[in-house]
$ cat model-v8.txt   # compact mmCIF, C-alpha atoms and all ligand atoms
# COMPACT_ATOMS: atom_id res chain seq x y z
CA MET A 327 20.73 8.40 1.15
CA ASP A 328 22.44 11.13 -0.99
CA ARG A 329 20.91 14.60 -0.91
CA ILE A 330 19.82 15.51 -4.45
CA ASP A 331 19.05 18.85 -6.09
CA GLY A 332 15.42 18.52 -7.26
CA ASP A 333 15.63 21.70 -9.32
CA GLN A 334 17.49 19.86 -12.10
CA LEU A 335 14.13 18.53 -13.37
CA ASP A 336 11.79 20.59 -15.52
CA ASP A 337 8.65 20.33 -17.66
CA VAL A 338 6.77 17.01 -17.17
CA ALA A 339 9.78 15.34 -15.52
CA GLU A 340 9.45 17.85 -12.66
CA THR A 341 5.91 16.64 -11.90
CA THR A 342 7.42 13.44 -10.49
CA LEU A 343 8.30 15.53 -7.40
CA TRP A 344 4.66 16.71 -7.09
CA THR A 345 3.25 13.19 -6.86
CA LEU A 346 6.13 11.95 -4.67
CA ARG A 347 5.47 14.83 -2.25
CA ASN A 348 1.76 13.94 -2.07
CA ARG A 349 2.47 10.28 -1.30
CA ALA A 350 5.16 11.08 1.26
CA VAL A 351 3.07 13.71 3.06
CA GLU A 352 0.16 11.25 3.26
CA ALA A 353 2.45 8.49 4.55
CA LEU A 354 3.73 10.85 7.25
CA ARG A 355 0.21 11.48 8.63
CA ALA A 356 -0.67 9.63 11.82
CA ASP A 357 -4.34 9.40 10.74
CA SER A 358 -3.64 7.80 7.35
CA PRO A 359 -3.56 4.04 6.67
CA PHE A 360 -1.14 4.70 3.78
CA SER A 361 2.36 3.56 4.56
CA ASP A 362 5.41 4.18 2.36
CA VAL A 363 8.68 4.45 4.27
CA LEU A 364 10.80 4.64 1.14
CA ALA A 365 8.71 7.46 -0.37
CA VAL A 366 9.34 9.46 2.81
CA GLU A 367 13.08 8.80 2.51
CA LEU A 368 13.07 9.94 -1.13
CA TYR A 369 11.03 13.01 -0.28
CA GLU A 370 13.55 13.97 2.38
CA ALA A 371 16.52 13.22 0.10
CA VAL A 372 15.41 15.59 -2.68
CA ASP A 373 16.23 19.19 -1.94
CA THR A 374 13.50 21.31 -3.52
CA ASP A 375 10.71 23.73 -2.66
CA TYR A 376 7.80 21.26 -2.48
CA ASP A 377 5.40 24.03 -1.43
CA ARG A 378 5.33 25.24 -5.03
CA PHE A 379 3.00 22.31 -5.80
CA GLY A 380 0.27 23.86 -3.64
CA ALA A 381 -1.78 21.96 -1.06
CA PRO A 382 -1.15 18.18 -0.94
CA SER A 383 -3.91 16.03 -2.43
CA GLN A 384 -4.97 12.53 -1.42
CA SER A 385 -5.63 11.68 -5.06
CA HIS A 386 -2.03 10.57 -5.69
CA PRO A 387 -1.61 8.22 -2.68
CA LEU A 388 -5.07 6.77 -3.38
CA ARG A 389 -4.15 6.22 -7.02
CA ALA A 390 -0.97 4.48 -5.86
CA GLN A 391 -3.00 2.20 -3.56
CA LEU A 392 -5.35 1.37 -6.42
CA MET A 393 -2.36 0.41 -8.58
CA ASP A 394 -0.97 -1.78 -5.75
CA ARG A 395 -4.33 -3.57 -5.55
CA GLU A 396 -4.52 -4.10 -9.33
CA ILE A 397 -0.92 -5.32 -9.68
CA ARG A 398 -1.42 -7.76 -6.77
CA ARG A 399 -4.65 -9.04 -8.31
CA TYR A 400 -2.99 -9.60 -11.69
CA LEU A 401 0.10 -11.30 -10.25
CA ASP A 402 -2.07 -13.58 -8.09
CA ALA A 403 -3.62 -14.85 -11.32
CA HIS A 404 -0.33 -14.73 -13.30
CA PRO A 405 2.42 -15.63 -10.79
CA ARG A 406 5.15 -15.47 -13.48
CA GLY A 407 3.82 -12.23 -14.99
CA THR A 408 5.92 -9.14 -15.76
CA VAL A 409 5.15 -5.66 -14.41
CA VAL A 410 5.80 -2.68 -16.69
CA ALA A 411 5.62 0.69 -14.96
CA LEU A 412 5.44 3.40 -17.63
CA ALA A 413 6.51 6.85 -16.38
CA GLU A 414 7.44 5.28 -13.07
CA GLY A 415 8.96 8.51 -11.78
CA LEU A 416 9.94 8.13 -8.12
CA GLN A 417 7.24 5.54 -7.43
CA THR A 418 8.14 2.98 -4.78
CA THR A 419 5.41 0.52 -5.77
CA TYR A 420 7.86 -2.42 -5.98
CA TRP A 421 8.83 -2.03 -2.32
CA ARG A 422 5.26 -1.39 -1.12
CA LEU A 423 4.37 -4.73 -2.73
CA GLY A 424 7.09 -6.49 -0.74
CA ARG A 425 9.75 -6.80 -3.48
CA PRO A 426 8.08 -9.46 -5.66
CA SER A 427 10.36 -11.78 -7.66
CA ASN A 428 8.49 -10.97 -10.88
CA ARG A 429 10.36 -9.17 -13.63
CA TRP A 430 9.75 -5.43 -13.19
CA ILE A 431 10.44 -2.99 -16.05
CA SER A 432 10.60 0.69 -15.22
CA VAL A 433 10.31 3.21 -18.08
CA ASP A 434 10.76 6.96 -17.74
CA LEU A 435 12.69 9.85 -19.27
CA PRO A 436 16.49 9.50 -18.87
CA GLU A 437 16.82 12.28 -16.26
CA VAL A 438 14.20 10.63 -14.04
CA ILE A 439 15.65 7.12 -14.43
CA ALA A 440 19.03 8.61 -13.45
CA LEU A 441 17.43 9.85 -10.21
CA ARG A 442 15.86 6.44 -9.56
CA GLU A 443 19.25 4.81 -10.04
CA ARG A 444 20.88 7.23 -7.65
CA LEU A 445 18.23 7.17 -4.93
CA LEU A 446 16.56 3.75 -4.91
CA PRO A 447 18.00 0.39 -3.84
CA THR A 448 19.31 -1.80 -6.68
CA GLU A 449 17.15 -4.89 -7.13
CA ASP A 450 17.77 -7.94 -9.32
CA ALA A 451 14.15 -8.01 -10.51
CA VAL A 452 13.96 -4.32 -11.48
CA GLU A 453 15.24 -3.18 -14.86
CA HIS A 454 15.37 0.50 -15.82
CA ARG A 455 14.67 1.45 -19.42
CA PRO A 456 15.39 5.15 -19.92
CA GLY A 457 13.49 6.74 -22.79
CA SER A 458 10.07 7.80 -23.90
CA ALA A 459 7.12 5.45 -23.49
CA LEU A 460 6.27 6.58 -27.03
CA ASP A 461 9.45 4.99 -28.39
CA PHE A 462 8.13 1.45 -28.36
CA SER A 463 11.60 -0.12 -28.29
CA TRP A 464 11.22 -0.20 -24.47
CA ALA A 465 9.05 -3.29 -25.09
CA ASP A 466 11.84 -5.25 -26.81
CA GLY A 467 12.47 -8.63 -25.21
CA ILE A 468 9.40 -8.63 -22.98
CA ASP A 469 7.63 -11.98 -23.27
CA ALA A 470 3.84 -11.65 -23.16
CA ASP A 471 3.23 -15.40 -22.64
CA ASP A 472 3.21 -15.36 -18.81
CA GLY A 473 1.18 -12.16 -18.63
CA VAL A 474 2.08 -8.48 -18.42
CA VAL A 475 0.52 -5.85 -16.20
CA ILE A 476 1.26 -2.32 -17.39
CA THR A 477 0.69 0.77 -15.27
CA ALA A 478 0.72 4.37 -16.47
CA GLU A 479 0.23 6.52 -13.37
CA GLY A 480 -0.06 10.20 -14.23
CA LEU A 481 1.22 9.86 -17.80
CA LEU A 482 -1.33 9.78 -20.59
CA MET A 483 -2.74 13.26 -19.90
CA TYR A 484 0.61 14.80 -20.92
CA PHE A 485 0.36 13.25 -24.41
CA THR A 486 -1.64 14.46 -27.39
CA PRO A 487 -4.81 12.42 -28.03
CA GLY A 488 -3.09 10.83 -31.06
CA GLU A 489 -0.04 9.78 -29.01
CA ALA A 490 -2.22 8.35 -26.22
CA HIS A 491 -4.32 6.32 -28.69
CA ASP A 492 -1.24 5.05 -30.56
CA LEU A 493 0.31 3.89 -27.27
CA ILE A 494 -2.88 2.07 -26.21
CA ALA A 495 -3.21 0.45 -29.66
CA PHE A 496 0.45 -0.68 -29.51
CA LEU A 497 0.04 -2.20 -26.02
CA ALA A 498 -3.15 -4.02 -27.06
CA ARG A 499 -1.35 -5.53 -30.06
CA ARG A 500 1.90 -6.32 -28.27
CA PHE A 501 0.61 -7.80 -25.00
CA PRO A 502 -2.39 -10.12 -25.57
CA GLY A 503 -3.55 -11.44 -22.18
CA GLY A 504 -2.11 -8.36 -20.45
CA VAL A 505 -3.79 -5.40 -18.79
CA LEU A 506 -3.14 -1.66 -18.82
CA ILE A 507 -4.21 0.51 -15.89
CA PHE A 508 -4.05 4.28 -16.35
CA ASP A 509 -5.65 7.42 -14.96
CA SER A 510 -7.30 10.21 -16.93
CA ILE A 511 -8.52 13.74 -16.42
CA PRO A 512 -11.84 15.15 -17.66
CA HIS A 513 -12.03 17.69 -20.51
CA TRP A 514 -12.75 20.73 -18.29
CA PHE A 515 -9.54 20.08 -16.35
CA SER A 516 -7.48 19.57 -19.51
CA ARG A 517 -8.77 22.92 -20.81
CA LYS A 518 -7.75 24.56 -17.54
CA THR A 519 -4.18 23.29 -17.89
CA LEU A 520 -4.02 24.42 -21.52
CA SER A 521 -4.86 27.97 -20.48
CA GLY A 522 -2.35 27.84 -17.57
CA LEU A 523 -3.16 26.12 -14.27
CA ASP A 524 -1.23 27.70 -11.37
CA LEU A 525 -0.77 25.26 -8.46
CA SER A 526 0.80 28.16 -6.56
CA GLU A 527 2.34 31.57 -7.28
CA ASP A 528 5.58 29.80 -8.15
CA TYR A 529 4.45 26.85 -10.21
CA GLN A 530 2.26 26.22 -13.22
CA ALA A 531 1.30 22.65 -14.09
CA PRO A 532 2.43 21.57 -17.58
CA PRO A 533 -0.29 21.40 -20.26
CA MET A 534 -2.33 18.18 -20.20
CA PRO A 535 -3.81 17.88 -23.70
CA PHE A 536 -5.29 14.37 -23.41
CA ALA A 537 -8.60 14.02 -21.58
CA LEU A 538 -10.79 10.92 -21.43
CA THR A 539 -14.23 10.57 -19.89
CA VAL A 540 -15.68 7.33 -18.54
CA SER A 541 -17.99 7.16 -21.60
CA GLU A 542 -15.08 7.75 -23.98
CA ALA A 543 -13.01 5.10 -22.18
CA ALA A 544 -15.82 2.57 -22.75
CA ARG A 545 -15.37 3.10 -26.50
CA LEU A 546 -11.72 1.96 -26.31
CA ILE A 547 -13.23 -1.53 -26.69
CA GLU A 548 -13.23 -0.73 -30.43
CA ILE A 549 -9.40 -0.82 -30.51
CA PRO A 550 -8.25 -4.18 -31.93
CA GLY A 551 -6.99 -6.39 -29.09
CA VAL A 552 -8.94 -4.65 -26.29
CA THR A 553 -11.32 -7.25 -24.81
CA ALA A 554 -12.68 -5.41 -21.75
CA VAL A 555 -12.82 -1.88 -20.32
CA ASP A 556 -13.43 -1.26 -16.62
CA ASP A 557 -13.79 2.00 -14.72
CA LEU A 558 -12.03 1.45 -11.37
CA ASP A 559 -12.95 2.97 -8.01
CA LEU A 560 -10.22 4.53 -5.86
CA PRO A 561 -9.95 2.90 -2.42
CA PRO A 562 -11.51 4.99 0.36
CA GLY A 563 -9.33 7.72 1.85
CA ARG A 564 -9.75 10.19 4.71
CA GLY A 565 -12.54 12.75 5.21
CA PRO A 566 -14.58 13.39 2.05
CA TRP A 567 -12.48 10.76 0.26
CA SER A 568 -13.98 8.13 2.61
CA SER A 569 -17.60 8.92 1.77
CA SER A 570 -19.49 6.15 -0.03
CA VAL A 571 -22.32 8.63 -0.66
CA LEU A 572 -19.99 11.04 -2.52
CA LYS A 573 -18.59 8.08 -4.44
CA ARG A 574 -22.09 7.03 -5.53
CA ILE A 575 -22.88 10.62 -6.55
CA SER A 576 -19.68 10.87 -8.59
CA ASN A 577 -20.75 7.73 -10.45
CA LEU A 578 -24.14 9.16 -11.49
CA PRO A 579 -24.38 9.22 -15.30
CA TRP A 580 -24.48 13.04 -15.51
CA LEU A 581 -21.45 13.50 -13.23
CA ARG A 582 -19.11 10.65 -13.97
CA ASP A 583 -17.91 12.17 -17.26
CA HIS A 584 -16.76 15.25 -15.35
CA ARG A 585 -14.55 13.53 -12.77
CA PRO A 586 -11.05 12.05 -13.07
CA SER A 587 -11.04 8.31 -13.67
CA VAL A 588 -8.89 5.22 -13.63
CA THR A 589 -9.38 2.69 -16.42
CA ARG A 590 -8.33 -0.94 -16.72
CA LEU A 591 -8.04 -2.26 -20.27
CA THR A 592 -7.79 -6.02 -20.71
CA PHE A 593 -6.08 -7.26 -23.87
C1 LIG B 1 2.98 13.22 -12.85
S1 LIG B 1 4.54 12.40 -12.97
C2 LIG B 1 4.05 10.78 -12.43
C3 LIG B 1 5.21 9.99 -11.95
C4 LIG B 1 4.82 8.68 -11.28
N1 LIG B 1 4.10 7.82 -12.18
C5 LIG B 1 4.02 8.95 -10.04
O1 LIG B 1 2.80 8.69 -10.04
O2 LIG B 1 4.59 9.43 -9.07
C6 LIG B 1 4.72 12.20 -14.74
C7 LIG B 1 5.88 11.32 -15.13
O3 LIG B 1 5.82 11.10 -16.54
C8 LIG B 1 7.15 11.01 -17.01
N2 LIG B 1 7.11 11.20 -18.46
C9 LIG B 1 6.78 12.31 -19.14
N3 LIG B 1 6.83 12.09 -20.47
C10 LIG B 1 7.20 10.79 -20.62
C11 LIG B 1 7.40 9.94 -21.73
N4 LIG B 1 7.25 10.41 -22.97
N5 LIG B 1 7.75 8.68 -21.52
C12 LIG B 1 7.91 8.19 -20.26
N6 LIG B 1 7.72 8.94 -19.15
C13 LIG B 1 7.37 10.22 -19.33
C14 LIG B 1 7.83 12.12 -16.24
O4 LIG B 1 9.23 12.03 -16.31
C15 LIG B 1 7.26 11.90 -14.85
O5 LIG B 1 8.03 10.96 -14.12
$ encode --input "model-v8.txt" --output "structure tokens"
Amino acid sequence: MDRIDGDQLDDVAETTLWTLRNRAVEALRADSPFSDVLAVELYEAVDTDYDRFGAPSQSHPLRAQLMDREIRRYLDAHPRGTVVALAEGLQTTYWRLGRPSNRWISVDLPEVIALRERLLPTEDAVEHRPGSALDFSWADGIDADDGVVITAEGLLMYFTPGEAHDLIAFLARRFPGGVLIFDSIPHWFSRKTLSGLDLSEDYQAPPMPFALTVSEAARLIEIPGVTAVDDLDLPPGRGPWSSSVLKRISNLPWLRDHRPSVTRLTF
């Protein structure tokens, strides 16, 4: 694999290296069930100071495993369905899922798609659509009849609330029978990023203006075309991330609106 200069990315595009690092570091651990050989190869191929992203977190590999589970579940029920990965970054979901024959559309900013094209194997099923997820022309030519599962892993928080709601409303209109799975941060964390969240001395996370609590997510049912809203549990991880007691506590009504969440919208 080519060696690539990771310092060519900036702003939100740069965060794709943060989440890649966290998946690769988890996959490299002997005590982790998470396996992602290709993520490790990508991680090693990009020449950058990963330490600037601070201590690795299990949240990103667990989020990836949740997405794997949800995509599999949807494709089991819709064997001819299409997968749309918004802001796919350097995700290797397609390969973790065993290279399904389903059509797979990958949307991200042009500089990140260029990296994907340089670093990842070319696959007949995978189509790259460089551009913003907010420029809805990425959806041209996608047939909703056989089902569409859309993922947005680590994306919506970087949008304004208006942009995030417009995108959800568009997807609900455009893909009846489909699902959207996306993760959200709580308001306290969004505020922290707006006033400058340092992950280390050398790196500040970009502002994340869009926050969504579990209670607010439940109200997305009011958007025309949304037929169900589900709050999804991350799979168990290592250490505190394996605790069913902590999970139950984090789901108590007075705490759940203060934790990050993953939402599935059915259209
Ligand atoms: C935190 S990273 C997540 C990347 C990947 N989903 C993952 O989990 O590893 C955020 C991603 O959002 C992408 N992004 C930012 N703004 C975007 C936009 N308007 N449209 C599509 N992708 C965008 C960035 O390029 C980056 O790949």
$ residues_around --input "model-v8.txt" --residues "A:Ala451" --least-positions-apart "3" --cutoff "10 Å" --atoms "only C-alpha atoms" --output "list of chain:residue names"
A:Thr408, A:Tyr420, A:Arg425, A:Pro426, A:Ser427, A:Asn428, A:Arg429, A:Trp430, A:Ile431, A:Thr448
$ residues_near_point --input "model-v8.txt" --point "(-2.1, -15.2, -12.0)" --cutoff "12 Å" --atoms "only C-alpha atoms" --output "mmCIF file with C-alpha atoms, keeping the file's coordinate frame"
data_model
loop_
_atom_site.group_PDB
_atom_site.id
_atom_site.type_symbol
_atom_site.label_atom_id
_atom_site.label_comp_id
_atom_site.auth_asym_id
_atom_site.auth_seq_id
_atom_site.Cartn_x
_atom_site.Cartn_y
_atom_site.Cartn_z
ATOM 1 C CA GLU A 396 -4.520 -4.100 -9.330
ATOM 2 C CA ILE A 397 -0.920 -5.320 -9.680
ATOM 3 C CA ARG A 398 -1.420 -7.760 -6.770
ATOM 4 C CA ARG A 399 -4.650 -9.040 -8.310
ATOM 5 C CA TYR A 400 -2.990 -9.600 -11.690
ATOM 6 C CA LEU A 401 0.100 -11.300 -10.250
ATOM 7 C CA ASP A 402 -2.070 -13.580 -8.090
ATOM 8 C CA ALA A 403 -3.620 -14.850 -11.320
ATOM 9 C CA HIS A 404 -0.330 -14.730 -13.300
ATOM 10 C CA PRO A 405 2.420 -15.630 -10.790
ATOM 11 C CA ARG A 406 5.150 -15.470 -13.480
ATOM 12 C CA GLY A 407 3.820 -12.230 -14.990
ATOM 13 C CA THR A 408 5.920 -9.140 -15.760
ATOM 14 C CA ASN A 428 8.490 -10.970 -10.880
ATOM 15 C CA ASP A 471 3.230 -15.400 -22.640
ATOM 16 C CA ASP A 472 3.210 -15.360 -18.810
ATOM 17 C CA GLY A 473 1.180 -12.160 -18.630
ATOM 18 C CA VAL A 474 2.080 -8.480 -18.420
ATOM 19 C CA VAL A 475 0.520 -5.850 -16.200
ATOM 20 C CA GLY A 503 -3.550 -11.440 -22.180
ATOM 21 C CA GLY A 504 -2.110 -8.360 -20.450
#
$ residues_around --input "model-v8.txt" --residues "A:Asp375" --least-positions-apart "3" --cutoff "12 Å" --atoms "all atoms listed in the file" --output "VMD selection string"
chain A and resid 331 to 333 340 343 to 344 347 369 to 370 372 378 to 380 526 528 to 529
$ residues_near_ligand --input "model-v8.txt" --ligand "ligand LIG 1 (chain B)" --cutoff "7 Å" --atoms "all atoms listed in the file" --output "PyMOL selection string"
chain A and resi 338-342+344-346+386+412-417+433-435+438+457-460+478-481+484
$ atom_distance --input "model-v8.txt" --atom1 "atom CA of A:Ala498" --atom2 "atom CA of A:Arg582"
25.3 Å
$ residues_around --input "model-v8.txt" --residues "stretch 569-573 of chain A" --least-positions-apart "5" --cutoff "12 Å" --atoms "only C-alpha atoms" --output "number ranges by chain"
A: 558-564, 578, 581-582, 585, 587
$ atom_distance --input "model-v8.txt" --atom1 "atom CA of A:Pro436" --atom2 "atom CA of A:Phe593"
28.6 Å
$ atom_distance --input "model-v8.txt" --atom1 "atom CA of A:Glu367" --atom2 "atom CA of A:Leu354"
10.7 Å
$ closest_residue --input "model-v8.txt" --among "A:Val409, A:Val366, A:Thr477, A:Phe508" --to "A:Glu453" --atoms "only C-alpha atoms"
A:Val409
$ closest_residue --input "model-v8.txt" --among "A:Ala371, A:Ala365, A:Asp466, A:Ile511" --to "A:Thr418" --atoms "all atoms listed in the file"
A:Ala365
$ decode --input "model-v8.txt" --residues "stretch 356-413 of chain A" --atoms "C-alpha atoms" --output "CSV table (one decimal), in the first residue's frame"
chain,number,residue,atom,x,y,z
A,356,ALA,CA,-5.0,-8.9,21.7
A,357,ASP,CA,-7.9,-8.5,24.2
A,358,SER,CA,-10.4,-7.1,21.8
A,359,PRO,CA,-12.9,-9.1,19.8
A,360,PHE,CA,-12.9,-6.3,17.1
A,361,SER,CA,-11.1,-7.3,14.0
A,362,ASP,CA,-10.3,-5.0,11.0
A,363,VAL,CA,-7.2,-6.0,9.1
A,364,LEU,CA,-7.8,-3.4,6.4
A,365,ALA,CA,-8.2,-0.5,8.9
A,366,VAL,CA,-4.8,-1.5,10.4
A,367,GLU,CA,-3.3,-1.4,6.9
A,368,LEU,CA,-4.8,2.1,6.3
A,369,TYR,CA,-3.6,3.3,9.6
A,370,GLU,CA,-0.1,2.2,8.9
A,371,ALA,CA,-0.2,3.6,5.4
A,372,VAL,CA,-1.1,7.2,6.5
A,373,ASP,CA,1.9,9.1,7.7
A,374,THR,CA,0.6,11.5,10.4
A,375,ASP,CA,1.0,12.2,14.1
A,376,TYR,CA,-2.0,10.2,15.4
A,377,ASP,CA,-1.1,11.1,19.0
A,378,ARG,CA,-2.6,14.5,18.5
A,379,PHE,CA,-6.0,12.9,18.8
A,380,GLY,CA,-5.4,12.1,22.4
A,381,ALA,CA,-6.1,8.8,24.1
A,382,PRO,CA,-7.9,6.2,21.9
A,383,SER,CA,-11.6,5.6,22.6
A,384,GLN,CA,-13.6,2.5,22.2
A,385,SER,CA,-16.6,4.5,21.2
A,386,HIS,CA,-15.6,4.6,17.5
A,387,PRO,CA,-14.9,0.8,17.0
A,388,LEU,CA,-18.1,0.1,19.0
A,389,ARG,CA,-20.1,2.5,16.8
A,390,ALA,CA,-18.6,0.7,13.7
A,391,GLN,CA,-19.7,-2.7,15.1
A,392,LEU,CA,-23.2,-1.3,15.7
A,393,MET,CA,-23.4,-0.1,12.1
A,394,ASP,CA,-22.2,-3.6,10.8
A,395,ARG,CA,-25.0,-5.2,12.8
A,396,GLU,CA,-27.6,-2.8,11.5
A,397,ILE,CA,-26.5,-3.0,7.9
A,398,ARG,CA,-26.5,-6.9,8.1
A,399,ARG,CA,-30.0,-6.9,9.6
A,400,TYR,CA,-31.3,-4.6,6.9
A,401,LEU,CA,-29.7,-6.5,4.1
A,402,ASP,CA,-31.0,-9.9,5.5
A,403,ALA,CA,-34.5,-8.4,5.1
A,404,HIS,CA,-33.8,-6.6,1.8
A,405,PRO,CA,-31.3,-8.8,0.0
A,406,ARG,CA,-31.2,-6.5,-3.1
A,407,GLY,CA,-31.0,-3.4,-1.0
A,408,THR,CA,-28.5,-0.5,-1.5
A,409,VAL,CA,-26.1,0.7,1.2
A,410,VAL,CA,-25.3,4.5,1.3
A,411,ALA,CA,-22.5,5.4,3.6
A,412,LEU,CA,-22.6,9.2,4.1
A,413,ALA,CA,-19.3,10.7,5.2
